[in-house]
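Content type TSV, C-alpha atoms, from the file structure-v8.tsv:
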```tsv
chain	number	residue	atom	x	y	z
J	33	MET	CA	-96.11	-40.03	-87.12
J	34	GLN	CA	-96.34	-38.06	-83.90
J	35	ILE	CA	-98.79	-39.32	-81.29
J	36	ALA	CA	-100.17	-37.50	-78.26
J	37	VAL	CA	-101.23	-39.27	-75.06
J	38	MET	CA	-103.79	-37.52	-72.85
J	39	GLN	CA	-103.53	-37.83	-69.08
J	40	ALA	CA	-106.29	-36.11	-67.11
J	41	GLN	CA	-108.95	-36.44	-64.44
J	42	ALA	CA	-112.45	-37.18	-65.70
J	43	ALA	CA	-115.66	-35.98	-64.11
J	44	VAL	CA	-117.86	-39.02	-63.53
J	45	LEU	CA	-120.98	-38.88	-65.75
J	46	ASP	CA	-120.27	-35.27	-66.77
J	47	ILE	CA	-119.93	-36.03	-70.46
J	48	ASP	CA	-119.94	-32.36	-71.46
J	49	ALA	CA	-116.98	-31.58	-69.22
J	50	ASN	CA	-115.06	-34.66	-70.36
J	51	LEU	CA	-115.67	-33.92	-74.04
J	52	ALA	CA	-114.48	-30.36	-73.46
J	53	ALA	CA	-111.29	-31.74	-71.92
J	54	ILE	CA	-110.74	-34.03	-74.92
J	55	ASP	CA	-111.39	-31.15	-77.31
J	56	ALA	CA	-108.86	-28.95	-75.49
J	57	ALA	CA	-106.30	-31.77	-75.55
J	58	ALA	CA	-106.91	-32.31	-79.27
J	59	HIS	CA	-106.37	-28.59	-79.92
J	60	ARG	CA	-103.07	-28.62	-78.01
J	61	ALA	CA	-101.97	-31.87	-79.64
J	62	VAL	CA	-102.50	-30.54	-83.16
J	63	ALA	CA	-100.66	-27.33	-82.28
J	64	GLN	CA	-97.63	-29.48	-81.40
J	65	GLY	CA	-97.80	-31.55	-84.56
J	66	ALA	CA	-99.61	-34.68	-83.38
J	67	GLU	CA	-101.72	-36.66	-85.84
J	68	LEU	CA	-103.34	-38.97	-83.28
J	69	LEU	CA	-104.63	-38.42	-79.74
J	70	LEU	CA	-105.00	-41.37	-77.34
J	71	THR	CA	-107.37	-40.85	-74.39
J	72	PRO	CA	-107.77	-42.94	-71.18
J	73	GLU	CA	-110.12	-45.84	-70.53
J	74	LEU	CA	-113.77	-44.77	-70.12
J	75	PHE	CA	-112.61	-41.15	-69.88
J	76	VAL	CA	-115.68	-39.83	-71.70
J	77	VAL	CA	-117.95	-41.00	-68.87
J	78	GLY	CA	-115.43	-41.32	-66.03
J	79	TYR	CA	-114.06	-44.46	-64.44
J	80	ALA	CA	-116.71	-45.59	-61.93
J	81	PRO	CA	-118.12	-49.01	-62.91
J	82	TYR	CA	-120.93	-49.24	-60.35
J	83	GLN	CA	-122.07	-45.68	-60.93
J	84	LEU	CA	-122.03	-46.20	-64.69
J	85	ARG	CA	-124.13	-49.34	-64.32
J	86	ASP	CA	-126.69	-47.61	-62.12
J	87	GLU	CA	-126.90	-44.17	-63.71
J	88	LEU	CA	-125.63	-44.16	-67.31
J	89	GLU	CA	-128.38	-44.03	-69.91
J	90	PRO	CA	-127.33	-46.09	-72.97
J	91	ALA	CA	-129.46	-43.94	-75.26
J	92	ILE	CA	-126.96	-41.07	-75.00
J	93	LEU	CA	-124.05	-43.10	-76.37
J	94	PRO	CA	-124.73	-42.65	-80.12
J	95	GLU	CA	-124.86	-38.87	-79.70
J	96	THR	CA	-121.68	-39.02	-77.61
J	97	ARG	CA	-119.88	-40.88	-80.38
J	98	ALA	CA	-121.10	-38.29	-82.88
J	99	ARG	CA	-119.71	-35.49	-80.71
J	100	LEU	CA	-116.34	-37.25	-80.51
J	101	ALA	CA	-116.31	-37.50	-84.30
J	102	GLU	CA	-117.02	-33.75	-84.45
J	103	ILE	CA	-113.96	-33.11	-82.28
J	104	ALA	CA	-111.79	-35.20	-84.58
J	105	VAL	CA	-113.06	-33.35	-87.65
J	106	SER	CA	-112.94	-29.84	-86.18
J	107	ARG	CA	-109.41	-30.30	-84.82
J	108	GLY	CA	-108.14	-32.35	-87.76
J	109	ILE	CA	-106.75	-35.21	-85.67
J	110	ALA	CA	-107.38	-38.95	-85.32
J	111	LEU	CA	-108.74	-39.99	-81.95
J	112	VAL	CA	-108.83	-43.14	-79.84
J	113	TYR	CA	-111.54	-42.97	-77.20
J	114	SER	CA	-113.10	-45.44	-74.77
J	115	LEU	CA	-116.77	-45.89	-73.86
J	116	PRO	CA	-118.98	-48.53	-72.28
J	117	GLU	CA	-121.20	-50.29	-74.79
J	118	ILE	CA	-124.25	-52.48	-74.37
J	119	SER	CA	-124.13	-55.81	-76.20
J	120	PRO	CA	-126.47	-58.85	-76.23
J	121	SER	CA	-124.31	-60.42	-73.51
J	122	GLY	CA	-124.10	-57.28	-71.33
J	123	TRP	CA	-122.02	-54.15	-70.88
J	124	LYS	CA	-118.52	-54.10	-72.35
J	125	ILE	CA	-115.58	-51.70	-72.11
J	126	THR	CA	-114.57	-50.62	-75.60
J	127	ALA	CA	-112.04	-48.52	-77.47
J	128	THR	CA	-112.70	-46.90	-80.85
J	129	PHE	CA	-110.28	-45.48	-83.41
J	130	ILE	CA	-111.61	-42.67	-85.62
J	131	ASP	CA	-109.59	-40.72	-88.16
J	132	GLU	CA	-109.53	-36.97	-88.75
J	133	THR	CA	-112.66	-37.23	-90.95
J	134	GLY	CA	-114.58	-38.89	-88.12
J	135	ALA	CA	-114.61	-42.26	-89.90
J	136	ARG	CA	-114.42	-45.30	-87.64
J	137	LEU	CA	-111.37	-47.40	-88.51
J	138	GLY	CA	-111.38	-49.84	-85.61
J	139	HIS	CA	-113.25	-50.99	-82.52
J	140	TYR	CA	-112.13	-53.24	-79.65
J	141	GLU	CA	-113.74	-54.89	-76.60
J	142	LYS	CA	-111.65	-55.34	-73.46
J	143	VAL	CA	-110.72	-58.99	-72.91
J	144	HIS	CA	-109.18	-58.99	-69.41
J	145	LEU	CA	-111.36	-57.32	-66.78
J	146	PHE	CA	-109.60	-56.14	-63.62
J	147	GLY	CA	-111.02	-56.30	-60.13
J	148	GLU	CA	-114.39	-56.99	-58.57
J	149	GLU	CA	-116.15	-53.86	-59.83
J	150	GLU	CA	-115.33	-54.42	-63.48
J	151	LYS	CA	-116.27	-58.10	-63.28
J	152	ASP	CA	-119.57	-57.24	-61.57
J	153	VAL	CA	-120.55	-54.68	-64.20
J	154	PHE	CA	-118.98	-55.74	-67.49
J	155	VAL	CA	-118.51	-58.89	-69.55
J	156	PRO	CA	-115.19	-59.58	-71.32
J	157	GLY	CA	-114.59	-59.59	-75.04
J	158	ASP	CA	-112.90	-62.51	-76.75
J	159	GLN	CA	-111.22	-61.04	-79.85
J	160	PRO	CA	-107.53	-60.14	-80.32
J	161	ALA	CA	-106.22	-56.61	-80.60
J	162	THR	CA	-107.90	-54.64	-83.35
J	163	ILE	CA	-105.33	-53.63	-86.00
J	164	VAL	CA	-105.73	-50.34	-87.91
J	165	ASP	CA	-103.69	-49.11	-90.87
J	166	PHE	CA	-103.07	-45.40	-90.38
J	167	ARG	CA	-100.51	-43.04	-91.93
J	168	GLY	CA	-98.15	-45.82	-92.94
J	169	LEU	CA	-98.29	-47.63	-89.59
J	170	ARG	CA	-100.17	-50.68	-88.36
J	171	LEU	CA	-101.58	-49.79	-84.94
J	172	GLY	CA	-103.27	-52.18	-82.53
J	173	MET	CA	-105.70	-51.40	-79.73
J	174	VAL	CA	-106.14	-53.15	-76.37
J	175	ILE	CA	-107.36	-51.78	-73.02
J	176	CYS	CA	-105.68	-51.47	-69.62
J	177	PHE	CA	-105.20	-54.90	-67.98
J	178	ASP	CA	-104.93	-56.53	-71.43
J	179	VAL	CA	-101.40	-55.17	-71.89
J	180	GLU	CA	-100.21	-56.91	-68.72
J	181	PHE	CA	-100.56	-60.28	-70.44
J	182	PRO	CA	-97.60	-60.99	-72.75
J	183	GLU	CA	-99.80	-63.18	-74.93
J	184	THR	CA	-102.04	-60.23	-75.82
J	185	VAL	CA	-99.18	-58.03	-76.98
J	186	ARG	CA	-97.30	-60.80	-78.77
J	187	ALA	CA	-100.46	-61.79	-80.67
J	188	ALA	CA	-100.81	-58.20	-81.88
J	189	ALA	CA	-97.18	-58.10	-82.99
J	190	LEU	CA	-97.52	-61.40	-84.85
J	191	ARG	CA	-100.51	-59.97	-86.70
J	192	GLY	CA	-98.39	-57.08	-87.90
J	193	ALA	CA	-98.91	-54.37	-85.27
J	194	GLN	CA	-96.04	-51.86	-85.13
J	195	GLY	CA	-97.62	-49.90	-82.28
J	196	LEU	CA	-100.15	-50.63	-79.57
J	197	LEU	CA	-102.58	-48.01	-78.23
J	198	VAL	CA	-103.77	-48.65	-74.68
J	199	PRO	CA	-106.43	-46.58	-72.90
J	200	THR	CA	-106.21	-47.41	-69.20
J	201	ALA	CA	-107.56	-46.57	-65.74
J	202	MET	CA	-104.81	-47.69	-63.40
J	203	GLY	CA	-104.95	-46.98	-59.69
J	204	GLU	CA	-102.27	-45.77	-57.30
J	205	GLY	CA	-99.98	-48.51	-56.09
J	206	TYR	CA	-99.56	-50.09	-59.52
J	207	GLU	CA	-97.13	-47.56	-61.02
J	208	VAL	CA	-94.67	-50.36	-61.79
J	209	VAL	CA	-96.93	-51.24	-64.72
J	210	CYS	CA	-96.01	-47.93	-66.33
J	211	THR	CA	-92.39	-47.72	-65.28
J	212	LYS	CA	-91.37	-51.35	-65.83
J	213	LEU	CA	-93.99	-53.60	-67.39
J	214	VAL	CA	-95.08	-51.51	-70.39
J	215	PRO	CA	-91.49	-50.85	-71.59
J	216	THR	CA	-90.79	-54.59	-71.18
J	217	ARG	CA	-93.86	-55.50	-73.25
J	218	ALA	CA	-92.72	-53.06	-75.94
J	219	MET	CA	-89.22	-54.56	-76.01
J	220	GLU	CA	-90.20	-58.23	-76.01
J	221	SER	CA	-92.68	-57.80	-78.88
J	222	GLN	CA	-90.67	-55.00	-80.54
J	223	LEU	CA	-93.38	-52.43	-81.07
J	224	TYR	CA	-94.34	-49.03	-79.71
J	225	ILE	CA	-96.78	-48.92	-76.81
J	226	ALA	CA	-98.69	-45.79	-75.82
J	227	TYR	CA	-100.49	-46.11	-72.45
J	228	ALA	CA	-102.92	-43.33	-71.45
J	229	ASN	CA	-104.03	-43.18	-67.81
J	230	HIS	CA	-106.29	-41.00	-65.67
J	231	CYS	CA	-104.97	-38.96	-62.77
J	232	GLY	CA	-106.64	-37.58	-59.65
J	233	SER	CA	-109.67	-39.22	-58.06
J	234	GLU	CA	-112.93	-40.48	-59.59
J	235	ALA	CA	-115.75	-41.87	-57.43
J	236	GLY	CA	-113.26	-42.23	-54.57
J	237	PHE	CA	-110.79	-44.21	-56.70
J	238	ARG	CA	-107.27	-42.75	-56.77
J	239	LEU	CA	-105.69	-42.96	-60.21
J	240	ALA	CA	-101.94	-43.10	-60.70
J	241	GLY	CA	-101.18	-40.99	-63.75
J	242	THR	CA	-97.65	-42.01	-64.87
J	243	SER	CA	-98.84	-42.58	-68.45
J	244	VAL	CA	-96.06	-43.80	-70.71
J	245	ILE	CA	-94.93	-44.16	-74.29
J	246	ALA	CA	-92.30	-46.84	-74.92
J	247	GLY	CA	-90.30	-47.64	-78.04
J	248	PRO	CA	-89.72	-51.02	-79.72
J	249	ASP	CA	-86.36	-51.38	-77.96
J	250	GLY	CA	-87.95	-50.77	-74.54
J	251	THR	CA	-86.81	-47.15	-74.31
J	252	VAL	CA	-89.18	-44.88	-72.38
J	253	LEU	CA	-89.91	-42.06	-74.85
J	254	ALA	CA	-92.25	-40.12	-72.55
J	255	GLN	CA	-93.35	-40.60	-68.95
J	256	GLY	CA	-96.14	-38.77	-67.18
J	257	ALA	CA	-96.16	-37.52	-63.60
J	258	THR	CA	-99.32	-37.51	-61.45
J	259	SER	CA	-101.24	-34.51	-62.80
J	260	ALA	CA	-102.93	-33.63	-66.09
J	261	GLU	CA	-100.60	-33.39	-69.09
J	262	LEU	CA	-100.03	-34.41	-72.69
J	263	LEU	CA	-97.20	-36.73	-73.67
J	264	PHE	CA	-95.73	-36.82	-77.17
J	265	ALA	CA	-93.58	-39.25	-79.14
J	266	GLU	CA	-92.73	-40.05	-82.73
J	267	PHE	CA	-93.63	-43.47	-84.16
J	268	THR	CA	-91.56	-44.61	-87.16
J	269	PRO	CA	-91.83	-47.95	-89.01
J	270	GLN	CA	-88.06	-47.92	-89.45
J	271	SER	CA	-87.47	-48.14	-85.69
J	272	VAL	CA	-89.66	-51.22	-85.49
J	273	THR	CA	-87.90	-52.84	-88.42
J	274	SER	CA	-84.48	-52.08	-86.95
J	275	ALA	CA	-85.39	-53.54	-83.55
J	276	ARG	CA	-86.73	-56.73	-85.12
J	277	GLU	CA	-83.67	-57.14	-87.34
J	278	GLU	CA	-81.19	-56.56	-84.53
J	279	ILE	CA	-82.75	-59.09	-82.14
J	280	PRO	CA	-85.21	-61.33	-84.04
J	281	TYR	CA	-87.51	-62.33	-81.20
J	282	LEU	CA	-90.52	-62.72	-83.50
J	283	ALA	CA	-88.73	-64.47	-86.37
J	284	GLU	CA	-87.01	-67.02	-84.13
J	285	ARG	CA	-90.00	-68.08	-82.08
J	286	ARG	CA	-90.55	-71.87	-81.91
J	287	PRO	CA	-94.31	-72.18	-81.43
J	288	GLU	CA	-94.30	-75.92	-82.13
J	289	LEU	CA	-92.29	-76.35	-78.93
J	290	TYR	CA	-94.36	-73.94	-76.89
J	291	GLU	CA	-97.52	-75.84	-77.77
J	292	ARG	CA	-95.98	-79.02	-76.36
J	293	TRP	CA	-94.89	-77.20	-73.23
J	294	ASP	CA	-98.36	-75.77	-72.46
J	295	GLY	CA	-99.95	-77.73	-69.64
```

Would it be possible to restate this file's structure as structure tokens?
Amino acid sequence: MQIAVMQAQAAVLDIDANLAAIDAAAHRAVAQGAELLLTPELFVVGYAPYQLRDELEPAILPETRARLAEIAVSRGIALVYSLPEISPSGWKITATFIDETGARLGHYEKVHLFGEEEKDVFVPGDQPATIVDFRGLRLGMVICFDVEFPETVRAAALRGAQGLLVPTAMGEGYEVVCTKLVPTRAMESQLYIAYANHCGSEAGFRLAGTSVIAGPDGTVLAQGATSAELLFAEFTPQSVTSAREEIPYLAERRPELYERWDG
């Protein structure tokens, strides 16, 4: 299955403009054979936690989700998008997987919040990566800072994920996450990781671009620069199986020891 990763600059609280950008990316992705488009964290509304808290009207979110489903249907492509969502405990950062019919296959709430702004505005989730069966692959979803914790990725792999889809909003100065950490996470848990970042500036926050797709052996399959672009890579179950057979990290774990070592 070919996947496309969208890297772009969002316009804060200009949902029409951001949906138009996603629609254009979906059109280009389909033209190049992609069956799934991954978009960045909170791209639909822009990454600006304080501004979202103060100005975003929750009542528009159901219509926004409906418009995203229309894009998936009209372009004939599955879509992973990220939106804020109000819950009984407060605002959460979420990711949603819809297929090419607009049907919702999975939904995830970000567990690890990064920085003062996110922690002031949002509350963390507490569930593991959502796993979706799609086109012969088991695909997990986490968000941004979540992927920097090896436990998060390993838990997804142990639950059968062959690929991990990661919307992110990573600032300048942290490019090593894309160039080093994400490929390492992919190798140590032997799955694909697609990591979709913003670029440019949003609400004064400089975003790093450098989105990445890494294979289950740690190979960088596609690496973004610092401006808007689409990245592409092929995901195959056979590559995951081969990596896990060659070096059986998952099969030869000794969790009974690790539990004793904790603390």

I'd like a table as JSON lines: residues in range 133-252 of chain J with an atom no more than 12 Å from range 273-281 of chain J, each row giving the shortest atom pair and its distance in Å to one decimal, only C-alpha atoms counted, sorted by chain and rising residue number.
```
{"residue": "J:Leu169", "atom": "CA", "partner": "J:Thr273", "partner_atom": "CA", "distance": 11.7}
{"residue": "J:Arg186", "atom": "CA", "partner": "J:Tyr281", "partner_atom": "CA", "distance": 10.2}
{"residue": "J:Ala189", "atom": "CA", "partner": "J:Tyr281", "partner_atom": "CA", "distance": 10.7}
{"residue": "J:Leu190", "atom": "CA", "partner": "J:Tyr281", "partner_atom": "CA", "distance": 10.7}
{"residue": "J:Gly192", "atom": "CA", "partner": "J:Thr273", "partner_atom": "CA", "distance": 11.3}
{"residue": "J:Ala193", "atom": "CA", "partner": "J:Thr273", "partner_atom": "CA", "distance": 11.6}
{"residue": "J:Gln194", "atom": "CA", "partner": "J:Thr273", "partner_atom": "CA", "distance": 8.8}
{"residue": "J:Gly195", "atom": "CA", "partner": "J:Thr273", "partner_atom": "CA", "distance": 11.9}
{"residue": "J:Ala218", "atom": "CA", "partner": "J:Ala275", "partner_atom": "CA", "distance": 10.6}
{"residue": "J:Met219", "atom": "CA", "partner": "J:Ala275", "partner_atom": "CA", "distance": 8.5}
{"residue": "J:Glu220", "atom": "CA", "partner": "J:Tyr281", "partner_atom": "CA", "distance": 7.1}
{"residue": "J:Ser221", "atom": "CA", "partner": "J:Tyr281", "partner_atom": "CA", "distance": 7.3}
{"residue": "J:Gln222", "atom": "CA", "partner": "J:Ala275", "partner_atom": "CA", "distance": 6.3}
{"residue": "J:Leu223", "atom": "CA", "partner": "J:Ala275", "partner_atom": "CA", "distance": 8.4}
{"residue": "J:Tyr224", "atom": "CA", "partner": "J:Ala275", "partner_atom": "CA", "distance": 10.7}
{"residue": "J:Gly247", "atom": "CA", "partner": "J:Ala275", "partner_atom": "CA", "distance": 9.4}
{"residue": "J:Pro248", "atom": "CA", "partner": "J:Ala275", "partner_atom": "CA", "distance": 6.3}
{"residue": "J:Asp249", "atom": "CA", "partner": "J:Ala275", "partner_atom": "CA", "distance": 6.1}
{"residue": "J:Gly250", "atom": "CA", "partner": "J:Ala275", "partner_atom": "CA", "distance": 9.8}
{"residue": "J:Thr251", "atom": "CA", "partner": "J:Ala275", "partner_atom": "CA", "distance": 11.3}
```

Pairwise distance, CA of Ile225 in chain J with CA of Gln159 in chain J, equals 19.1 Å

For Pro156 in chain J, which residue among J:Pro116, J:Pro287, J:Pro182, J:Gly134 is the nearest when counting all atoms listed in the file?
J:Pro116

Could you give me, as a PyMOL selection string, the residues that sit within 12 Å of (-113.8, -39.7, -87.3) in the file's coordinates, counting all atoms listed in the file?
chain J and resi 68-69+97-113+128-138

Calculated over all atoms listed in the file, which of the candidates J:Ala127, J:Leu145, J:Met38, J:Ala260 has the smallest distance to Ile54 in chain J?
J:Met38

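Remark: for Glu73 in chain J, the closest of the candidate residues J:Lys124, J:Lys212, J:Arg285, J:Lys151 is J:Lys124 (distances computed over all atoms listed in the file).
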
Proximity of range 242-279 of chain J to range 199-206 of chain J: per-residue shortest pair, 10 Å limit, only C-alpha atoms, as a tab-separated table:
```
residue	atom	partner	partner_atom	distance
J:Thr242	CA	J:Met202	CA	9.3
J:Ser243	CA	J:Thr200	CA	8.8
J:Thr258	CA	J:Glu204	CA	9.7
```

Create the file for the chosen residues now, containing C-alpha atoms and written as a compact mmCIF listing (two decimals), in the frame of the given file.
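The result, written out as selection-v7.txt:
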```
# COMPACT_ATOMS: atom_id res chain seq x y z
CA THR J 242 -97.65 -42.01 -64.87
CA SER J 243 -98.84 -42.58 -68.45
CA THR J 258 -99.32 -37.51 -61.45
```

Can you tell me, as a ChimeraX atom specification, what residues are no more than 9 Å from Ile47 in chain J when counting all atoms listed in the file, ignoring any on the same chain fewer than 2 positions away?
/J:42-45,49-52,75-78,96

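Ranking J:Gly157, J:Leu263, J:Ile92, J:Glu149 by their shortest atom-to-atom distance to Gly122 in chain J, with all atoms listed in the file included, puts J:Gly157 first.
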
Counting only C-alpha atoms, the option among J:Ala265, J:Leu282, J:Leu196, J:Val164 closest to Ala66 in chain J
J:Ala265

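For the atom pair formed by CA of Leu84 in chain J and CA of Leu171 in chain J, the distance is 29.0 Å, given to one decimal.
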